[in-house]
Amino acid sequence: MTLDTVKHAAETPDVKLPWAELGLKEDEYERVREILGRRPTGAELAMYSVMWSEHCSYKSSKVHLRQFGEKVPENDAMLVGIGENAGVVDVGQGYAVTFKVESHNHPSYVEPYQGAATGVGGIVRDIIAMGARPVAVVDPLRMGDAHHPDTKRVLPGVVAGIGGYGNCLGLPNIGGELVFDACYQGNPLVNAGAIGVMRHEDIHLAKASGPGNKVILYGARTGGDGIGGASILASETFDDSKPSKRPAVQVGDPFQEKLLIECTLEAFAEKLVVGIQDLGAAGLSCATSELASNGSGGMRVELDDVPLRDSTLTPEEILMSESQERMCAVVEPDKVGRFLEICEKWDVIATVVGEVTDGDRLEIFWHGEKIVDVDPRTVAHDGPVYERPYARPQWQDALQADDANKLARPANADELREQVLKLVAAPNQAAKSWVTDQYDRFVQGNTVLAQPEDSGMIRINEETGLGVAIATDGNGRYAKLDPYKGAQLALAESYRNVAASGAKPLAVSDCLNFGSPEDPDVMWQFAEAVRGLADGCLELGTPVTGGNVSLYNQTGEAAIHPTPVVAVLGVIDDVARRTPIAFREEGQLLYLLGETREEFGGSAWSQVVHGHLGGLPPEVDLAREKLLAEILISASRDGMIDAAHDLSDGGLVQAVTESCLRGGQGARLIVPDGLDAFTFLFSESAGRAVVAVPRSEELRFTDMCGARGLPVTRVGVVDGDAVEVQGEFTLPLSELREAHEGTIPGLFA
């Protein structure tokens with residue numbers, strides 16, 4: 001006679017269970033007992049603990065994230081929005097594009113190579129699960145002080161992990177950022193994004209419908225690596241006194257994932273799949289509960305049938321394992337044979353582990369015993385919802401009053417020249433080619449723009465030239481000064497970067513990286529950033545398709561700067577009309593679009609020259625951003641500009657330096673009337689770009705700007721082999737290149 005573990009749990013209410021060790025609070029454990037009407041079994045406790053973790057349930061952020069759905073209307077392009085594995089937008093010609101950004105921050109600090117590699121693997125599986133072929137990845141990174149010894153441990157491992165996994169998958173890495181700041185020393189941010197392409201009719205969703213349909217687990221075997229990895233590791237503040245918060249990081253196998261991609265896409269092509277879910281954070285606990293709750297509601301799973309790498313794993317460990325390269329498909333019975341044939345063809349292990357039932361319970365069995373009997377919705381969707389207390393920090397006013405505009409400025413032309421060199425050589429402004437050269441940016445042959453361009457761009461139709469562009473941005477220094485404006489500045493910069501390359505911005509994904517939600521100061525930062533981003537998306541008409549929240553990026557009392565990373569996806573009808581950043585032709589006229597003001601709060605200049613953070617970030621004018629984008633897109637489409645570069649960190653001099661070095665041409669700059677040379681070069685006023693205009697197009701271009709009401713100022717010409725600011729200084733390109741390109745290899749090579 002077999003023991004019914006669920007029945008035994010009901011008969012033994014006083015058995016002590018390790019709920020605290022698994023990350024549950026006492027009131028959360030009592031809530032589980034209330035839902036079940038009894039104590040949970042060990043397997044049920046494992047499932048609730050990982051699914052109700054901060055990383056999986058968004059329990060501290062849900063109340064604020066609702067604004068993205070409530071405030072921002074979906075535009076005509078939106079096909080799938082928040083709530084699925086990734087958002088999907090219509091880009092025309094029958095094509096749909098899915099994209100998303102997620103975090104793998106804590107695992108990447110513990111084990112940089114595997115943490116970053118499996119971050120790429122996880123986001124790519126989210127894209128596959130929507131029915132799309134992955135076509136590119138991006139990697140926004142934030143590291144500690146560039147000179148700190150531990151940064152030399154973390155960054156090379158992270159870059160090797162991203163490159164190793166993405167390169168093996170054959171996916172070009174076309175965008176991202178690398179920012180250094182001491183605030184990230186104990187909590188580096190490794191955000192990973194991916195883009196996939198499909199036809200409209202190929203969209204798939206995560207739901208298990210149809211009683212009698214089979215549940216098939218396929219991909220790698222389940223092992224002990226990453227048990228509770230991302231789900232629990234990312235849900236607590238780092239504390240060396242709690243080793244239980246540092247479980248084994250997942251181990252990735254990109255070659256297995258490549259087989260998984262091809263296997264899955266072939267099954268999709270033959271219409272074999274009813275519903276699908278990747279196994280990421282929370283593993284089988286997530287896949288089974290989400291598929292069941294999003295479908296008809298009932299599922300029976302035989303845990304004995306799960307292929308294992310380690311036969312000693314307990315059922316709880318099997319349910320919590322975050323072993324990589326695994327997916328779960330729901331398949332009609334008469335199509336199971338063909339599905340298994342395709343898996344065998346691609347050398348992918350596949351096993352029927354259960355079936356959809358006509359009930360409303362998720363039942364899981366082990367050695368003939370029923371070890372789980374739950375309403376799947378209570379696991380996947382009905383976790384705790386916290387309205388965490390938050391309040392404007394007491395130190396915020398003093399921080400904003402410490403005005404960066406009052407810092408000592410260069411006293412003469414020699415000091416100005418010296419500070420320009422210091423800026424372009426600083427780790428945050430220096431060339432990142434040491435990183436990007438480790439990534440294959442052009443594999444598959446469809447990459448038309450990649451780092452260090454303003455946005456990455458991929459061709460998705462060779463015949464028509466249809467393409468998509470993506471940019472990711474986020475300035476934690478701005479957000480520390482004002483999280484509402486900081487989030488909007490991140491959105492504006494990403495939007496501007498996409499437009500500067502000639503693509504029309506369509507939609508947004510985000511990765512919101514913050515400290516502990518149990519700190520009211522941090523929760524205020526989070527609430528303000530979400531409010532700012534929602535308001536900004538409403539004004540720009542760019543809906544949020546999905547994203548990720550990463551909390552507990554904090555060591556002890558030290559939280560990271562609030563870092564909302566915003567990804568904007570855009571579409572371009574013909575990639576041949578794209579706009580690069582490089583100044584390539586002598587005689588091109590340089591025009592500055594937008595208005596320049598004395599805005600140095602949170603600026604690169606204040607950080608590099610003075611080690612200062614204080615004051616107010618630049619003003620945000622989203623109506624102006626929208627107008628600037630329209631001008632940049634029209635000018636690109638109609639051949640009025642040969643190059644464009646947005647102005648952001650480091651101001652005009654940073655942008656001009658990058659464009660000159662990229663194209664191998666110098667520039668002569670003239671300080672406009674009404675501006676001093678310092679403000680002209682270093683201001684970080686938003687809503688600006690510098691463009692290179694052929695002389696033949698000058699009148700047409702300036703007339704268009706004037707007619708639309710966009711300020712436009714001629715500031716120079718492409719000429720010679722130096723950057724010259726007339727009346728101030730000359731910097732040969734050779735000297736700029738040595739300063740700009742030598743820093744990162746000098747630190748990490």
# chains A, B, ... in the order shown; residues from 1 in each chain; ligands from 1

call {"tool": "residues_around", "arguments": {"residues": "stretch 468-482 of chain A", "least_positions_apart": "4", "cutoff": "7 Å", "atoms": "only C-alpha atoms", "output": "count of residues only"}}
result
35

call {"tool": "select_by_dssp", "arguments": {"residues": "stretch 269-484 of chain A", "states": "alpha helix (DSSP H)", "output": "PyMOL selection string"}}
result
chain A and resi 269+283-294+315-320+336-345+376-380+396-401+413-425+433-436+476-481+483-484

call {"tool": "residues_around", "arguments": {"residues": "A:Gly664", "least_positions_apart": "2", "cutoff": "10 Å", "atoms": "only C-alpha atoms", "output": "list in words"}}
result
Ala582, Phe583, Arg584, Glu585, Glu658, Ser659, Cys660, Leu661, Arg662, Gly666, Gly720, Asp721, Ala722, Leu733, Ser734 and Arg737 of chain A

call {"tool": "residues_around", "arguments": {"residues": "A:Gly131", "least_positions_apart": "3", "cutoff": "6 Å", "atoms": "only C-alpha atoms", "output": "ChimeraX atom specification"}}
result
/A:128,202-204

call {"tool": "select_by_dssp", "arguments": {"residues": "stretch 454-616 of chain A", "states": "strand (DSSP E)", "output": "ChimeraX atom specification"}}
result
/A:456-459,467-473,504-513,544-550,554-555,558-559,563-572,589-593

call {"tool": "residues_around", "arguments": {"residues": "A:Tyr113", "least_positions_apart": "2", "cutoff": "12 Å", "atoms": "only C-alpha atoms", "output": "VMD selection string"}}
result
chain A and resid 104 to 105 107 to 111 115 to 120 153 to 165 190 249 to 252
